[in-house]
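Student: Dumping the structure here so I can ask a few things about it.
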Amino acid sequence: MKLASRLGAVAPFHVMAILERARQLEANGRDVIHLEVGEPDFATPPTIIEAGRRALAEGQVFYTPAQGVAPLREAIAAHYATAHGVHIDPRRILVTPGASAGLMLALSLFVDAGQSVLMADPTYPCNRHFVSVLGGRPHTLPVGPQTRFQPTAAMLAAAWQADTAGAMVATPGNPTGTTLSLSELSAMAKVCRSRDGMLLVDEIYQGLTYGVPAETALAVADDIIVINSFSKLFQMTGWRLGWVVVPAAWVEPALRLAQNLFLCPPAPAQHAALAAFLPETLALVETRRQILQRRRDFLLEALPGLGWHVPVVPDGAFYLYADVSAVTTDSFAYCRQVLEETGVGLTPGCDFGQHEAGRYLRVAYTADEARLAEAVARLRALQG
């Protein structure tokens, strides 16, 4: 027996080797500061936990409709209207078992075997791998500080080929934390539309922005696909719940796919997520967003003292993409050295692509300011 050949295009996360070693160090009594994993350190808001408890107590543990329970889809639609002034028919919303399932669903709708999808390098690695698993080809576009680590509409137009099925962008992006303006998103949608392709916009960090409004591409185009999640803003990572907004004409095929790919999202998580849009929940996540902004600002001031350069100030998510070429030419080896010698976990740039990956690493500011200060102190001691 042999494995499917498609698996050859799916690379492991390099950071997982670092995380495994970090856990070994912790088991041996070392204190490790985890700045490598993209998961908020805040617990799920109490209102959501309580709603989940009620759902379990009331027996809300059975299959739901494949696209999610109607009250949750209606609540998501109402949030778009209240927060963004965008009116979405709830029928266009499919709740999914996490944003990852949403990404696979969305790509399955428009990518055929042999087709390519345009995306940035660096970008979240699963974006490439999902395309490969579907038999497609990730067509990566090297991006850097000049475009805030984001592709532009002009870049999409120039890279478009006969086999291009569409483009995938993220705002705010991972690993760079940068956002795209609505005008740029509108221009991207126009490029895709004019070539009969699809624009897929990853908005899973929506709401976690600093100094810029939290916007949605749905404000400028309704013939696109948008992915979102309860994991980041609402700190529901382990609950595995996200959603997809599809064009109206694509609802029926999307529902068919959802039925076959994952049957339905987890029922207790859906009922818990109804509390995400309560005023007290939104107030708490706003307080936490401000905490994240203070952490970002602390690191922006502290990291240059290590010889690290942050070429673009991130305006979203909870990541800094730092240029460490002044201290290393191999960020993966450097991250391993840092872990062994300081007990600070970081993510190397090679996890996010190939473009200048050796000079960059990602810092997730998912620890409190005291721990961030301790991490900086340890790194400073390593630098001598």
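Each chain in the structure tokens gets a letter, A, B and so on, in the order shown; residues start at 1 in every chain, and ligands are counted from 1 in the order they appear.
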Identify, with DSSP run on backbone atoms, the residues in segment 84-141 of chain A assigned to strand (DSSP E or B), and express the list as a PyMOL selection string.
Tutor: chain A and resi 93-96+116-121+137-141
Student: Taking the chain letters and numbering used in this document, name the residues of segment 108-156 of chain A that DSSP puts in helix (DSSP H, G or I), as a list of chain:residue names.
Tutor: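 So the helix (DSSP H, G or I) residues in segment 108-156 of chain A would be A:Ser108, A:Leu109, A:Phe110, A:Pro125, A:Cys126, A:Asn127, A:Arg128, A:His129, A:Phe130, A:Val131, A:Ser132, A:Val133, A:Pro145, A:Gln146, A:Thr147, A:Ala153, A:Ala154, A:Met155, A:Leu156.
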Student: Hey, what's within 8 Å of Cys350 of chain A if we count only C-alpha atoms and toss same-chain stuff fewer than 3 positions away? As an NGL selection string, please?
Tutor: :A and (14 or 331-332 or 353-354 or 357-358)
Student: Could you save those same residues with N, CA, C and O atoms as an mmCIF file, in the first residue's frame?
Tutor:
data_model
loop_
_atom_site.group_PDB
_atom_site.id
_atom_site.type_symbol
_atom_site.label_atom_id
_atom_site.label_comp_id
_atom_site.auth_asym_id
_atom_site.auth_seq_id
_atom_site.Cartn_x
_atom_site.Cartn_y
_atom_site.Cartn_z
ATOM 1 N N HIS A 14 6.994 23.631 10.735
ATOM 2 C CA HIS A 14 8.294 23.620 11.390
ATOM 3 C C HIS A 14 8.169 23.990 12.865
ATOM 4 O O HIS A 14 8.917 23.498 13.710
ATOM 5 N N SER A 331 16.566 31.694 10.196
ATOM 6 C CA SER A 331 15.671 31.962 11.324
ATOM 7 C C SER A 331 15.186 30.676 11.991
ATOM 8 O O SER A 331 14.871 30.674 13.182
ATOM 9 N N PHE A 332 15.112 29.549 11.246
ATOM 10 C CA PHE A 332 14.693 28.299 11.863
ATOM 11 C C PHE A 332 15.741 27.839 12.873
ATOM 12 O O PHE A 332 15.420 27.512 14.030
ATOM 13 N N GLY A 353 6.275 30.288 4.016
ATOM 14 C CA GLY A 353 6.612 30.378 2.610
ATOM 15 C C GLY A 353 8.115 30.321 2.411
ATOM 16 O O GLY A 353 8.878 29.950 3.313
ATOM 17 N N GLN A 354 8.546 30.731 1.227
ATOM 18 C CA GLN A 354 9.961 30.663 0.881
ATOM 19 C C GLN A 354 10.596 32.035 0.696
ATOM 20 O O GLN A 354 11.814 32.162 0.781
ATOM 21 N N ALA A 357 12.495 33.746 3.705
ATOM 22 C CA ALA A 357 12.025 33.134 4.952
ATOM 23 C C ALA A 357 13.117 33.057 6.005
ATOM 24 O O ALA A 357 12.833 33.115 7.209
ATOM 25 N N GLY A 358 14.360 32.945 5.583
ATOM 26 C CA GLY A 358 15.446 32.805 6.542
ATOM 27 C C GLY A 358 15.731 34.045 7.352
ATOM 28 O O GLY A 358 16.388 33.960 8.402
#
Student: Compile the contact shell of Pro125 of chain A as an MDAnalysis selection string: residues with an atom at most 9 Å away, counting only C-alpha atoms, same-chain residues fewer than 4 positions apart removed.
Tutor: chainID A and resid 11 13 129:130 351:353
Student: Next, dump the selected residues to file, keeping only N, CA, C and O atoms, as a short mmCIF file (atom, residue, chain, number, x, y, z; two decimals), in the first residue's frame.
Tutor:
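Output below, filename selection-v3.cif:
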data_model
loop_
_atom_site.label_atom_id
_atom_site.label_comp_id
_atom_site.auth_asym_id
_atom_site.auth_seq_id
_atom_site.Cartn_x
_atom_site.Cartn_y
_atom_site.Cartn_z
N ALA A 11 3.52 20.04 3.62
CA ALA A 11 4.69 20.07 4.50
C ALA A 11 4.25 20.18 5.96
O ALA A 11 3.19 20.75 6.26
N PHE A 13 4.37 21.64 9.83
CA PHE A 13 4.69 22.92 10.44
C PHE A 13 6.05 22.79 11.12
O PHE A 13 6.25 21.94 11.99
N HIS A 129 -1.61 24.36 1.45
CA HIS A 129 -1.81 22.92 1.54
C HIS A 129 -3.23 22.50 1.16
O HIS A 129 -3.43 21.44 0.56
N PHE A 130 -4.21 23.31 1.53
CA PHE A 130 -5.59 22.99 1.14
C PHE A 130 -5.72 22.96 -0.38
O PHE A 130 -6.37 22.08 -0.95
N ASP A 351 7.90 28.59 7.92
CA ASP A 351 6.55 28.02 8.02
C ASP A 351 5.57 28.73 7.09
O ASP A 351 4.52 28.16 6.78
N PHE A 352 5.88 29.93 6.67
CA PHE A 352 4.90 30.75 5.97
C PHE A 352 5.21 30.93 4.49
O PHE A 352 4.49 31.63 3.79
N GLY A 353 6.28 30.29 4.02
CA GLY A 353 6.61 30.38 2.61
C GLY A 353 8.11 30.32 2.41
O GLY A 353 8.88 29.95 3.31
#
Student: Per residue of segment 2-74 of chain A within 10 Å of segment 235-247 of chain A, which atom pair is closest and at what distance in Å (one decimal), using only C-alpha atoms, listed by chain and increasing number, as a Markdown table?
Tutor:
| residue | atom | partner | partner_atom | distance |
| --- | --- | --- | --- | --- |
| A:Gly38 | CA | A:Thr237 | CA | 9.9 |
| A:Glu39 | CA | A:Thr237 | CA | 7.2 |
| A:Pro40 | CA | A:Gln235 | CA | 6.3 |
| A:Asp41 | CA | A:Gln235 | CA | 8.3 |
| A:Phe42 | CA | A:Gln235 | CA | 6.6 |
| A:Ala43 | CA | A:Gln235 | CA | 6.5 |
| A:Thr44 | CA | A:Gln235 | CA | 5.0 |
| A:Pro45 | CA | A:Gln235 | CA | 7.3 |
| A:Ile48 | CA | A:Met236 | CA | 8.8 |
| A:Ile49 | CA | A:Met236 | CA | 9.5 |
| A:Gly52 | CA | A:Trp239 | CA | 9.8 |
| A:Gln67 | CA | A:Trp243 | CA | 9.0 |
| A:Gly68 | CA | A:Trp243 | CA | 9.1 |
| A:Arg73 | CA | A:Trp243 | CA | 8.8 |
Student: Please provide the set of residues having any atom within 9 Å of Gln293 of chain A, restricted to only C-alpha atoms, with same-chain residues fewer than 6 positions apart removed, written as a ChimeraX atom specification.
Tutor: /A:208-210,315-316,318
Student: Produce a file of the selected residues containing C-alpha atoms, as a PDB file, in the first residue's frame.
Tutor:
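Saved as part.pdb:
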ATOM      1  CA  LEU A 208      -8.552  42.617  16.171  1.00  0.00           C
ATOM      2  CA  THR A 209      -7.289  45.830  14.566  1.00  0.00           C
ATOM      3  CA  TYR A 210      -5.256  48.734  15.926  1.00  0.00           C
ATOM      4  CA  ASP A 315      -2.399  46.926  12.381  1.00  0.00           C
ATOM      5  CA  GLY A 316      -4.231  43.695  13.169  1.00  0.00           C
ATOM      6  CA  PHE A 318      -1.614  39.479  17.319  1.00  0.00           C
TER       7      PHE A 318
END
Student: Atom CA of Leu94 of chain A to atom CA of Val212 of chain A: how many Å, to one decimal?
Tutor: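 Distance between the two atoms: 27.7 Å.
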Student: Residues at most 10 Å from Pro145 of chain A, counting only C-alpha atoms, excluding those fewer than 5 positions away in the same chain, as a ChimeraX atom specification?
Tutor: /A:150,176,310-313
Student: Output the selection as a JSON list (two decimals), in the first residue's frame - C-alpha atoms for each residue.
Tutor:
[["chain", "number", "residue", "atom", "x", "y", "z"],
["A", 150, "GLN", "CA", 0.15, 42.04, 1.09],
["A", 176, "THR", "CA", 2.34, 39.72, 9.36],
["A", 310, "VAL", "CA", 9.97, 45.22, 12.37],
["A", 311, "PRO", "CA", 9.72, 46.73, 8.88],
["A", 312, "VAL", "CA", 5.94, 47.17, 8.91],
["A", 313, "VAL", "CA", 3.86, 48.12, 11.94]]
Student: What gap, in Å, lies between atom CA of Ile93 of chain A and atom CA of Val10 of chain A?
Tutor: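 A separation of 29.0 Å between them.
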